[in-house]
file target-v2.csv (CSV, C-alpha atoms)
chain,number,residue,atom,x,y,z
K,1,MET,CA,31.9,9.9,-130.2
K,2,LYS,CA,34.5,7.5,-128.6
K,3,SER,CA,32.4,6.8,-125.5
K,4,LYS,CA,29.4,6.0,-127.7
K,5,GLN,CA,31.3,3.5,-129.7
K,6,ARG,CA,31.2,1.0,-126.9
K,7,ASP,CA,27.4,0.9,-127.0
K,8,LEU,CA,27.3,0.1,-130.7
K,9,ILE,CA,27.8,-3.2,-132.5
K,10,VAL,CA,28.0,-3.9,-136.2
K,11,ILE,CA,26.3,-7.0,-137.4
K,12,ILE,CA,27.2,-8.5,-140.8
K,13,PRO,CA,25.1,-11.4,-142.1
K,14,ALA,CA,27.2,-13.4,-144.6
K,15,HIS,CA,26.6,-16.3,-146.9
K,16,GLU,CA,29.4,-17.3,-149.3
K,17,GLU,CA,31.1,-13.9,-149.1
K,18,GLU,CA,34.7,-15.0,-148.6
K,19,ALA,CA,36.0,-12.5,-151.2
K,20,SER,CA,34.6,-9.4,-149.6
K,21,VAL,CA,33.7,-10.0,-146.0
K,22,GLY,CA,37.3,-9.5,-144.8
K,23,GLU,CA,37.7,-6.0,-146.2
K,24,VAL,CA,34.3,-4.9,-144.8
K,25,VAL,CA,35.2,-6.2,-141.4
K,26,THR,CA,38.6,-4.4,-141.5
K,27,ARG,CA,37.0,-1.2,-142.5
K,28,VAL,CA,34.5,-1.4,-139.6
K,29,CYS,CA,37.2,-2.3,-137.1
K,30,LYS,CA,39.1,0.8,-138.2
K,31,LEU,CA,36.2,2.9,-137.0
K,32,GLY,CA,36.5,1.3,-133.6
K,33,PHE,CA,33.2,-0.6,-133.5
K,34,PRO,CA,33.0,-4.3,-132.4
K,35,VAL,CA,31.9,-6.5,-135.3
K,36,VAL,CA,30.0,-9.8,-135.3
K,37,VAL,CA,29.7,-11.7,-138.5
K,38,ILE,CA,26.9,-14.3,-138.8
K,39,ASP,CA,28.1,-17.0,-141.1
K,40,ASP,CA,24.9,-18.3,-142.7
K,41,ALA,CA,26.1,-21.9,-143.2
K,42,SER,CA,28.6,-20.9,-145.9
K,43,SER,CA,30.6,-23.6,-147.6
K,44,ASP,CA,33.5,-21.3,-148.4
K,45,GLY,CA,36.0,-19.6,-146.2
K,46,THR,CA,33.6,-16.8,-145.0
K,47,ALA,CA,34.0,-17.5,-141.3
K,48,LYS,CA,37.8,-17.7,-141.6
K,49,ALA,CA,38.1,-14.5,-143.5
K,50,ALA,CA,35.9,-12.7,-141.1
K,51,GLU,CA,37.7,-14.0,-138.1
K,52,ALA,CA,41.1,-13.2,-139.5
K,53,ALA,CA,40.0,-9.6,-140.1
K,54,GLY,CA,39.0,-9.3,-136.5
K,55,ALA,CA,35.3,-10.1,-136.2
K,56,LEU,CA,33.6,-12.4,-133.8
K,57,VAL,CA,32.0,-15.1,-135.9
K,58,ILE,CA,28.8,-16.9,-135.1
K,59,THR,CA,28.2,-19.8,-137.4
K,60,LEU,CA,24.7,-21.1,-138.2
K,61,ASN,CA,24.4,-24.9,-138.6
K,62,ASN,CA,21.9,-24.7,-141.4
K,63,ARG,CA,21.2,-21.9,-143.8
K,64,LEU,CA,18.4,-19.6,-142.5
K,65,GLY,CA,18.6,-16.7,-144.9
K,66,ALA,CA,19.8,-13.1,-144.6
K,67,TRP,CA,17.2,-11.9,-142.1
K,68,MET,CA,17.5,-14.8,-139.7
K,69,ALA,CA,21.2,-14.4,-139.8
K,70,ALA,CA,20.9,-10.7,-139.0
K,71,GLN,CA,18.4,-11.6,-136.2
K,72,THR,CA,20.9,-14.0,-134.7
K,73,GLY,CA,23.3,-11.0,-134.5
K,74,LEU,CA,20.6,-8.8,-133.0
K,75,HIS,CA,20.0,-11.5,-130.3
K,76,TYR,CA,23.7,-11.4,-129.5
K,77,ALA,CA,23.7,-7.6,-129.4
K,78,TYR,CA,20.7,-7.6,-127.1
K,79,GLU,CA,22.1,-10.2,-124.7
K,80,ARG,CA,25.3,-8.3,-124.5
K,81,GLY,CA,23.5,-5.1,-123.7
K,82,PHE,CA,24.5,-3.1,-126.7
K,83,LYS,CA,22.4,0.0,-127.1
K,84,ILE,CA,22.5,0.2,-130.9
K,85,ALA,CA,23.0,-2.4,-133.6
K,86,VAL,CA,23.9,-1.6,-137.2
K,87,THR,CA,23.5,-4.2,-139.9
K,88,LEU,CA,25.3,-4.0,-143.2
K,89,ASP,CA,25.9,-6.3,-146.1
K,90,ALA,CA,29.0,-8.4,-146.4
K,91,ASP,CA,29.4,-7.8,-150.1
K,92,GLY,CA,30.8,-4.4,-149.7
K,93,GLN,CA,28.0,-2.3,-151.1
K,94,HIS,CA,27.5,-0.4,-147.9
K,95,ALA,CA,30.4,1.8,-146.8
K,96,PRO,CA,31.0,1.4,-143.1
K,97,GLU,CA,32.2,5.0,-143.0
K,98,ALA,CA,28.6,6.0,-143.6
K,99,ILE,CA,27.4,4.5,-140.3
K,100,GLU,CA,27.9,7.9,-138.8
K,101,ILE,CA,25.2,9.3,-141.1
K,102,LEU,CA,22.8,6.5,-140.0
K,103,LEU,CA,23.4,7.3,-136.3
K,104,ARG,CA,22.5,10.9,-136.4
K,105,PRO,CA,18.7,10.5,-136.2
K,106,LEU,CA,19.2,7.9,-133.5
K,107,TYR,CA,21.3,10.0,-131.3
K,108,ALA,CA,19.0,13.0,-131.9
K,109,ARG,CA,16.1,10.7,-130.8
K,110,GLU,CA,14.2,11.5,-133.9
K,111,ALA,CA,13.9,7.8,-134.9
K,112,ASP,CA,14.2,4.3,-133.5
K,113,VAL,CA,15.2,2.7,-136.7
K,114,VAL,CA,17.2,4.3,-139.5
K,115,ILE,CA,17.5,2.9,-143.0
K,116,GLY,CA,20.5,3.9,-145.2
K,117,SER,CA,19.1,4.1,-148.7
K,118,CYS,CA,20.6,4.9,-152.0
K,119,LEU,CA,17.9,5.8,-154.4
K,120,SER,CA,20.1,6.3,-157.4
K,121,ARG,CA,21.1,2.6,-157.2
K,122,LEU,CA,17.6,1.4,-157.6
K,123,SER,CA,16.7,-0.1,-160.9
K,124,SER,CA,13.4,0.6,-162.5
K,125,CYS,CA,12.2,-2.8,-161.4
K,126,ARG,CA,13.1,-2.1,-157.8
K,127,ARG,CA,11.5,1.4,-158.1
K,128,PHE,CA,8.3,-0.2,-159.3
K,129,ALA,CA,8.4,-2.8,-156.5
K,130,GLY,CA,8.9,0.0,-154.0
K,131,TYR,CA,6.0,2.0,-155.4
K,132,PHE,CA,3.8,-1.0,-155.4
K,133,PHE,CA,4.6,-1.9,-151.7
K,134,ARG,CA,4.2,1.7,-150.6
K,135,LYS,CA,0.7,1.8,-152.1
K,136,LEU,CA,-0.1,-1.6,-150.7
K,137,THR,CA,1.0,-1.2,-147.1
K,138,GLY,CA,0.9,2.5,-146.5
K,139,LEU,CA,4.6,2.6,-145.4
K,140,ALA,CA,6.3,5.6,-146.7
K,141,ILE,CA,9.7,4.1,-147.3
K,142,GLN,CA,11.6,4.3,-150.6
K,143,ASP,CA,14.3,1.7,-150.3
K,144,ILE,CA,12.6,-1.3,-148.5
K,145,THR,CA,15.3,-3.8,-149.4
K,146,SER,CA,18.3,-1.9,-148.0
K,147,GLY,CA,20.1,-4.1,-145.4
K,148,PHE,CA,22.0,-1.0,-144.1
K,149,ARG,CA,20.1,-0.2,-141.0
K,150,ALA,CA,20.6,1.1,-137.5
K,151,TYR,CA,18.3,-0.1,-134.6
K,152,ASN,CA,18.1,1.3,-131.1
K,153,HIS,CA,17.8,-0.8,-128.0
K,154,MET,CA,14.0,-0.8,-128.0
K,155,ALA,CA,13.8,-1.8,-131.6
K,156,LEU,CA,16.3,-4.6,-130.9
K,157,ALA,CA,14.1,-6.0,-128.2
K,158,ALA,CA,11.1,-6.0,-130.6
K,159,LEU,CA,13.0,-7.6,-133.4
K,160,ILE,CA,14.3,-10.6,-131.5
K,161,ARG,CA,10.8,-11.7,-130.6
K,162,LYS,CA,9.8,-15.0,-132.1
K,163,GLU,CA,7.1,-13.5,-134.4
K,164,ALA,CA,10.0,-11.9,-136.3
K,165,SER,CA,11.5,-15.4,-136.8
K,166,LEU,CA,9.1,-16.3,-139.6
K,167,LEU,CA,10.3,-13.5,-141.9
K,168,ASP,CA,12.8,-14.3,-144.7
K,169,TYR,CA,14.2,-11.0,-145.8
K,170,GLN,CA,15.3,-7.9,-143.9
K,171,ASP,CA,12.8,-5.9,-145.8
K,172,LEU,CA,9.1,-5.1,-145.8
K,173,GLY,CA,8.2,-7.7,-143.2
K,174,VAL,CA,10.7,-6.4,-140.7
K,175,LEU,CA,9.6,-2.8,-141.3
K,176,LEU,CA,5.9,-3.7,-140.9
K,177,HIS,CA,6.7,-5.5,-137.7
K,178,LEU,CA,8.5,-2.4,-136.4
K,179,HIS,CA,5.8,-0.1,-137.7
K,180,HIS,CA,3.1,-2.1,-135.9
K,181,ALA,CA,5.1,-2.0,-132.7
K,182,GLY,CA,5.0,1.8,-132.9
K,183,PHE,CA,8.6,2.5,-133.8
K,184,VAL,CA,9.6,5.6,-135.8
K,185,ILE,CA,11.4,4.6,-139.0
K,186,ARG,CA,13.6,7.2,-140.8
K,187,GLU,CA,15.4,6.9,-144.0
K,188,VAL,CA,18.6,8.7,-144.7
K,189,SER,CA,20.5,8.9,-148.0
K,190,VAL,CA,23.9,7.3,-148.0
K,191,PRO,CA,26.4,6.6,-150.8
K,192,MET,CA,26.7,3.0,-151.9
K,193,ASN,CA,29.2,1.0,-154.0
K,194,PRO,CA,28.1,-1.3,-156.7
K,195,ARG,CA,28.3,-5.0,-155.7
K,196,ARG,CA,31.7,-6.2,-156.6
K,197,ASN,CA,31.0,-9.9,-156.7
K,198,GLY,CA,27.8,-11.7,-157.3
K,199,LYS,CA,24.3,-10.2,-157.5
K,200,SER,CA,21.5,-9.6,-155.2
K,201,ARG,CA,20.0,-12.8,-153.9
K,202,ILE,CA,16.5,-11.5,-154.1
K,203,PHE,CA,16.8,-10.1,-157.6
K,204,SER,CA,18.9,-12.9,-159.1
K,205,SER,CA,16.5,-14.2,-161.8
K,206,TRP,CA,13.1,-13.4,-163.1
K,207,TRP,CA,11.5,-16.3,-161.4
K,208,GLU,CA,13.0,-15.3,-158.1
K,209,VAL,CA,11.8,-11.7,-158.6
K,210,VAL,CA,8.2,-12.9,-159.3
K,211,ARG,CA,8.4,-15.3,-156.3
K,212,TYR,CA,9.7,-12.5,-154.1
K,213,LEU,CA,7.1,-10.0,-155.2
K,214,VAL,CA,4.2,-12.3,-154.8
K,215,ALA,CA,5.3,-13.6,-151.4
K,216,THR,CA,6.1,-10.1,-150.1
K,217,GLY,CA,2.9,-8.8,-151.7
K,218,ILE,CA,0.8,-11.3,-149.7
K,219,LEU,CA,2.7,-10.5,-146.5
K,220,GLY,CA,2.2,-6.8,-147.1
K,221,LEU,CA,-1.5,-7.3,-147.9
K,222,ALA,CA,-2.1,-9.4,-144.7
K,223,LYS,CA,-0.2,-6.9,-142.5
K,224,ARG,CA,-1.1,-3.6,-144.1
K,225,THR,CA,-1.4,-0.7,-141.8
L,226,MET,CA,-19.0,-59.5,-158.8
L,227,ILE,CA,-18.7,-58.5,-155.1
L,228,SER,CA,-21.0,-55.9,-153.6
L,229,TYR,CA,-19.9,-52.3,-153.3
L,230,SER,CA,-20.3,-52.4,-149.5
L,231,ILE,CA,-17.7,-55.2,-149.2
L,232,THR,CA,-15.2,-53.3,-151.4
L,233,SER,CA,-15.4,-50.1,-149.3
L,234,ALA,CA,-15.3,-52.1,-146.0
L,235,ILE,CA,-12.1,-53.7,-147.2
L,236,ILE,CA,-10.6,-50.2,-148.1
L,237,GLY,CA,-11.7,-48.8,-144.7
L,238,GLY,CA,-10.3,-51.8,-142.8
L,239,THR,CA,-7.0,-51.6,-144.7
L,240,ILE,CA,-6.6,-47.9,-143.8
L,241,GLY,CA,-7.4,-48.6,-140.2
L,242,LEU,CA,-5.0,-51.5,-139.9
L,243,SER,CA,-2.3,-49.5,-141.7
L,244,ILE,CA,-2.6,-46.7,-139.1
L,245,LEU,CA,-2.4,-49.1,-136.2
L,246,TYR,CA,0.7,-50.7,-137.9
L,247,LEU,CA,2.4,-47.4,-138.3
L,248,ILE,CA,1.8,-46.5,-134.7
L,249,ARG,CA,3.1,-49.9,-133.6
L,250,GLN,CA,6.3,-49.2,-135.8
L,251,ASP,CA,6.7,-45.8,-134.1
L,252,ARG,CA,6.4,-44.1,-137.5
L,253,LEU,CA,3.2,-42.1,-136.6
L,254,ARG,CA,2.4,-40.3,-133.5
L,255,ALA,CA,-0.9,-41.3,-131.9
L,256,PRO,CA,-2.5,-37.8,-132.0
L,257,TYR,CA,-2.0,-37.6,-135.8
L,258,ALA,CA,-3.5,-41.1,-136.1
L,259,VAL,CA,-6.9,-40.0,-134.6
L,260,TRP,CA,-7.8,-38.2,-137.8
L,261,TRP,CA,-6.9,-41.2,-140.0
L,262,MET,CA,-8.8,-43.6,-137.8
L,263,ILE,CA,-11.9,-41.4,-138.1
L,264,VAL,CA,-11.4,-41.5,-141.9
L,265,ALA,CA,-11.1,-45.3,-141.9
L,266,LEU,CA,-14.3,-45.6,-139.7
L,267,ALA,CA,-16.2,-43.3,-142.0
L,268,VAL,CA,-15.2,-45.3,-145.1
L,269,ILE,CA,-16.3,-48.6,-143.4
L,270,LEU,CA,-19.5,-47.1,-142.2
L,271,LEU,CA,-20.5,-45.4,-145.5
L,272,GLY,CA,-19.4,-48.5,-147.4
L,273,LEU,CA,-21.6,-50.9,-145.3
L,274,PHE,CA,-24.5,-48.5,-145.3
L,275,PRO,CA,-24.5,-46.5,-148.6
L,276,GLN,CA,-28.1,-45.6,-147.9
L,277,LEU,CA,-26.8,-43.2,-145.2
L,278,VAL,CA,-25.4,-41.0,-147.9
L,279,ASP,CA,-28.7,-40.9,-149.8
L,280,LEU,CA,-30.5,-40.1,-146.6
L,281,ILE,CA,-28.2,-37.2,-145.7
L,282,ALA,CA,-28.1,-35.9,-149.3
L,283,SER,CA,-31.8,-35.8,-149.6
L,284,ARG,CA,-32.0,-33.9,-146.3
L,285,LEU,CA,-29.5,-31.3,-147.6
L,286,GLY,CA,-31.2,-31.0,-150.9
L,287,VAL,CA,-28.4,-32.6,-152.9
L,288,HIS,CA,-29.9,-34.4,-155.9
L,289,TYR,CA,-26.9,-36.6,-156.8
L,290,PRO,CA,-25.8,-38.2,-153.5
L,291,PRO,CA,-22.3,-39.5,-154.5
L,292,ILE,CA,-21.2,-35.9,-155.2
L,293,LEU,CA,-21.9,-35.0,-151.6
L,294,VAL,CA,-19.3,-37.6,-150.5
L,295,VAL,CA,-16.7,-36.2,-152.9
L,296,ILE,CA,-17.3,-32.6,-151.9
L,297,VAL,CA,-17.2,-33.3,-148.2
L,298,ALA,CA,-14.1,-35.4,-148.6
L,299,LEU,CA,-12.3,-32.7,-150.6
L,300,GLY,CA,-13.3,-30.1,-148.0
L,301,LEU,CA,-11.9,-32.2,-145.2
L,302,LEU,CA,-8.7,-32.9,-147.1
L,303,LEU,CA,-8.2,-29.2,-147.7
L,304,LEU,CA,-8.7,-28.5,-144.0
L,305,LYS,CA,-6.2,-31.2,-143.2
L,306,ILE,CA,-3.6,-29.9,-145.5
L,307,LEU,CA,-4.0,-26.4,-144.2
L,308,THR,CA,-3.6,-27.5,-140.6
L,309,MET,CA,-0.5,-29.4,-141.7
L,310,ASP,CA,1.0,-26.2,-143.2
L,311,ILE,CA,0.2,-24.3,-140.0
L,312,GLU,CA,2.0,-27.0,-138.1
L,313,ARG,CA,4.9,-26.8,-140.5
L,314,THR,CA,5.2,-23.1,-140.0
L,315,LYS,CA,5.4,-23.5,-136.3
L,316,GLN,CA,8.0,-26.2,-136.6
L,317,GLU,CA,10.0,-24.0,-139.1
L,318,GLN,CA,9.9,-21.2,-136.5
L,319,GLN,CA,11.1,-23.5,-133.7
L,320,LEU,CA,13.8,-24.9,-135.9
L,321,ARG,CA,15.1,-21.4,-136.8
L,322,ARG,CA,15.0,-20.3,-133.2
L,323,LEU,CA,16.9,-23.5,-132.1
L,324,THR,CA,19.5,-23.0,-134.9
L,325,GLN,CA,20.1,-19.4,-133.6
L,326,ARG,CA,20.2,-20.6,-130.0
L,327,ILE,CA,22.8,-23.2,-130.7
L,328,ALA,CA,24.9,-20.8,-132.8
L,329,LEU,CA,24.8,-18.2,-129.9
L,330,LEU,CA,25.7,-20.8,-127.3
L,331,GLU,CA,28.6,-22.1,-129.4
L,332,ALA,CA,29.9,-18.5,-129.7
L,333,LYS,CA,29.6,-18.0,-126.0
L,334,LEU,CA,31.4,-21.3,-125.3
L,335,LYS,CA,34.2,-20.4,-127.7
L,336,GLU,CA,34.6,-17.0,-125.9
L,337,LEU,CA,34.7,-18.7,-122.4
L,338,GLU,CA,37.3,-21.3,-123.6
L,339,SER,CA,39.6,-18.6,-125.0
L,340,GLU,CA,39.2,-16.6,-121.7
L,341,ASN,CA,40.2,-19.6,-119.7
L,342,LYS,CA,43.3,-20.3,-121.7
L,343,VAL,CA,44.7,-16.8,-121.1

call {"tool": "encode", "arguments": {"input": "target-v2.csv", "output": "structure tokens"}}
result
Amino acid sequence: MKSKQRDLIVIIPAHEEEASVGEVVTRVCKLGFPVVVIDDASSDGTAKAAEAAGALVITLNNRLGAWMAAQTGLHYAYERGFKIAVTLDADGQHAPEAIEILLRPLYAREADVVIGSCLSRLSSCRRFAGYFFRKLTGLAIQDITSGFRAYNHMALAALIRKEASLLDYQDLGVLLHLHHAGFVIREVSVPMNPRRNGKSRIFSSWWEVVRYLVATGILGLAKRT
Amino acid sequence: MISYSITSAIIGGTIGLSILYLIRQDRLRAPYAVWWMIVALAVILLGLFPQLVDLIASRLGVHYPPILVVIVALGLLLLKILTMDIERTKQEQQLRRLTQRIALLEAKLKELESENKV
């Protein structure tokens, strides 16, 4: 395992996550993985907290959203020649200790992309959204919004292309992009913690939910498989 | 009462002069102005010769000629707005890529600086 750890980098997109990002970084560092935090134009001390905990911080000048922040990290990973990139949320809902579970299908060469999903955490609203999008796009994935993912080197190369720079969330659009490029996507079940501070940005209000569902629905319809 | 053709010629002329003024002030790029100059010319032309509309409308089987002008104008405006959004999407993509690029370069610079200090 030790030799493999040099090939892997953990990417944490963060926007206003001062309270939790430090602990997440510390836990990842304990596992021996290099960490890069993409500070998505936060106005609080996110960058400082991440740096103090031992992460390399890349700061975006203007807010680009969670996926674009993650993509910046993937760029970094690709340029530095990392073989595998794992993304996880800065709010502490993904346990870094579960990265190992994510890596198994990658090392076994059973998949190019692995999604860490926690089905028990999904609310009925999310379940319905998931069902709707599965029917719409033909993608057989339960937890499309999970930001806990592992990508191999080839998937990295595909994700940093400029076509993927028009997406807003690390969800359906990214998965469809990968699916169209012929990558094998696997889902594994991982334990998750409830969010300690704040709520999901996508599912923050009814209006946001509707907007998200409609925008993602149109994207799914246009790019259905 | 002035005639209809003078009114629309004035409107067309005003649009045309405004476009030229905006280009002169560096507030409008010439390629974008082409479209608006064509609009200005069309307004002047149709204003001076309203019978042109009647002629085209009768050829196309439209019984009420003024509605043809409205429909065509609406269609062209929709087309224009759509191409603007396409352009905006391209610019958004470029802006996002540039923001990423700068952030990555800054990170690299910081790394190099700290290496040099040691």

call {"tool": "closest_residue", "arguments": {"input": "target-v2.csv", "among": "L:Tyr257, L:Tyr246, L:Thr239, L:Met262", "to": "Glu312 (chain L)", "atoms": "all atoms listed in the file"}}
result
L:Tyr257

call {"tool": "interface_residues", "arguments": {"input": "target-v2.csv", "of": "chain K", "to": "chain L", "cutoff": "8 Å", "atoms": "only C-alpha atoms", "output": "PyMOL selection string"}}
result
chain K and resi 57-62+64+68+72+76+162+165-166

call {"tool": "axis_aligned_box", "arguments": {"input": "target-v2.csv", "around": "region 111-128 of chain K", "padding_each_side": "8 Å", "output": "lines of an AutoDock Vina configuration file"}}
result
center_x = 14.7
center_y = 2.5
center_z = -148.0
size_x = 28.8
size_y = 26.6
size_z = 45.0

call {"tool": "residues_around", "arguments": {"input": "target-v2.csv", "residues": "region 78-80 of chain K", "least_positions_apart": "4", "cutoff": "7 Å", "atoms": "all atoms listed in the file", "output": "PyMOL selection string"}}
result
chain K and resi 74+156-157

call {"tool": "write_last_selection", "arguments": {"input": "target-v2.csv", "atoms": "C-alpha atoms", "output": "CSV table (one decimal), in the frame of the given file"}}
result
chain,number,residue,atom,x,y,z
K,74,LEU,CA,20.6,-8.8,-133.0
K,156,LEU,CA,16.3,-4.6,-130.9
K,157,ALA,CA,14.1,-6.0,-128.2

call {"tool": "atom_distance", "arguments": {"input": "target-v2.csv", "atom1": "CA of Glu163 (chain K)", "atom2": "CA of Leu178 (chain K)"}}
result
11.4 Å

call {"tool": "atom_distance", "arguments": {"input": "target-v2.csv", "atom1": "CA of Ile185 (chain K)", "atom2": "CA of Val113 (chain K)"}}
result
4.8 Å

call {"tool": "atom_distance", "arguments": {"input": "target-v2.csv", "atom1": "CA of Asp39 (chain K)", "atom2": "CA of Ser20 (chain K)"}}
result
13.1 Å

call {"tool": "residues_around", "arguments": {"input": "target-v2.csv", "residues": "Ile240 (chain L)", "least_positions_apart": "4", "cutoff": "8 Å", "atoms": "only C-alpha atoms", "output": "ChimeraX atom specification"}}
result
/L:236,244,261-262,265

call {"tool": "write_last_selection", "arguments": {"input": "target-v2.csv", "atoms": "C-alpha atoms", "output": "compact mmCIF listing (two decimals), in the coordinates of the input"}}
result
# COMPACT_ATOMS: atom_id res chain seq x y z
CA ILE L 236 -10.60 -50.20 -148.10
CA ILE L 244 -2.60 -46.70 -139.10
CA TRP L 261 -6.90 -41.20 -140.00
CA MET L 262 -8.80 -43.60 -137.80
CA ALA L 265 -11.10 -45.30 -141.90

call {"tool": "residues_around", "arguments": {"input": "target-v2.csv", "residues": "region 179-184 of chain K", "least_positions_apart": "6", "cutoff": "8 Å", "atoms": "only C-alpha atoms", "output": "VMD selection string"}}
result
chain K and resid 110 to 113 155 158 225

call {"tool": "residues_around", "arguments": {"input": "target-v2.csv", "residues": "region 47-53 of chain K", "least_positions_apart": "6", "cutoff": "7 Å", "atoms": "only C-alpha atoms", "output": "PyMOL selection string"}}
result
chain K and resi 18+21-22+25-26+37+39

call {"tool": "residues_around", "arguments": {"input": "target-v2.csv", "residues": "Tyr107 (chain K)", "least_positions_apart": "6", "cutoff": "12 Å", "atoms": "all atoms listed in the file", "output": "PyMOL selection string"}}
result
chain K and resi 1+4+7-8+83-84+100-101+113-114+150-153

call {"tool": "closest_residue", "arguments": {"input": "target-v2.csv", "among": "L:Leu323, L:Val278, L:Leu242, L:Ala258", "to": "Leu293 (chain L)", "atoms": "only C-alpha atoms"}}
result
L:Val278

call {"tool": "residues_near_point", "arguments": {"input": "target-v2.csv", "point": "(-14.6, -50.7, -141.8)", "cutoff": "8 Å", "atoms": "all atoms listed in the file", "output": "PyMOL selection string"}}
result
chain L and resi 233-238+241+265-270+272-273
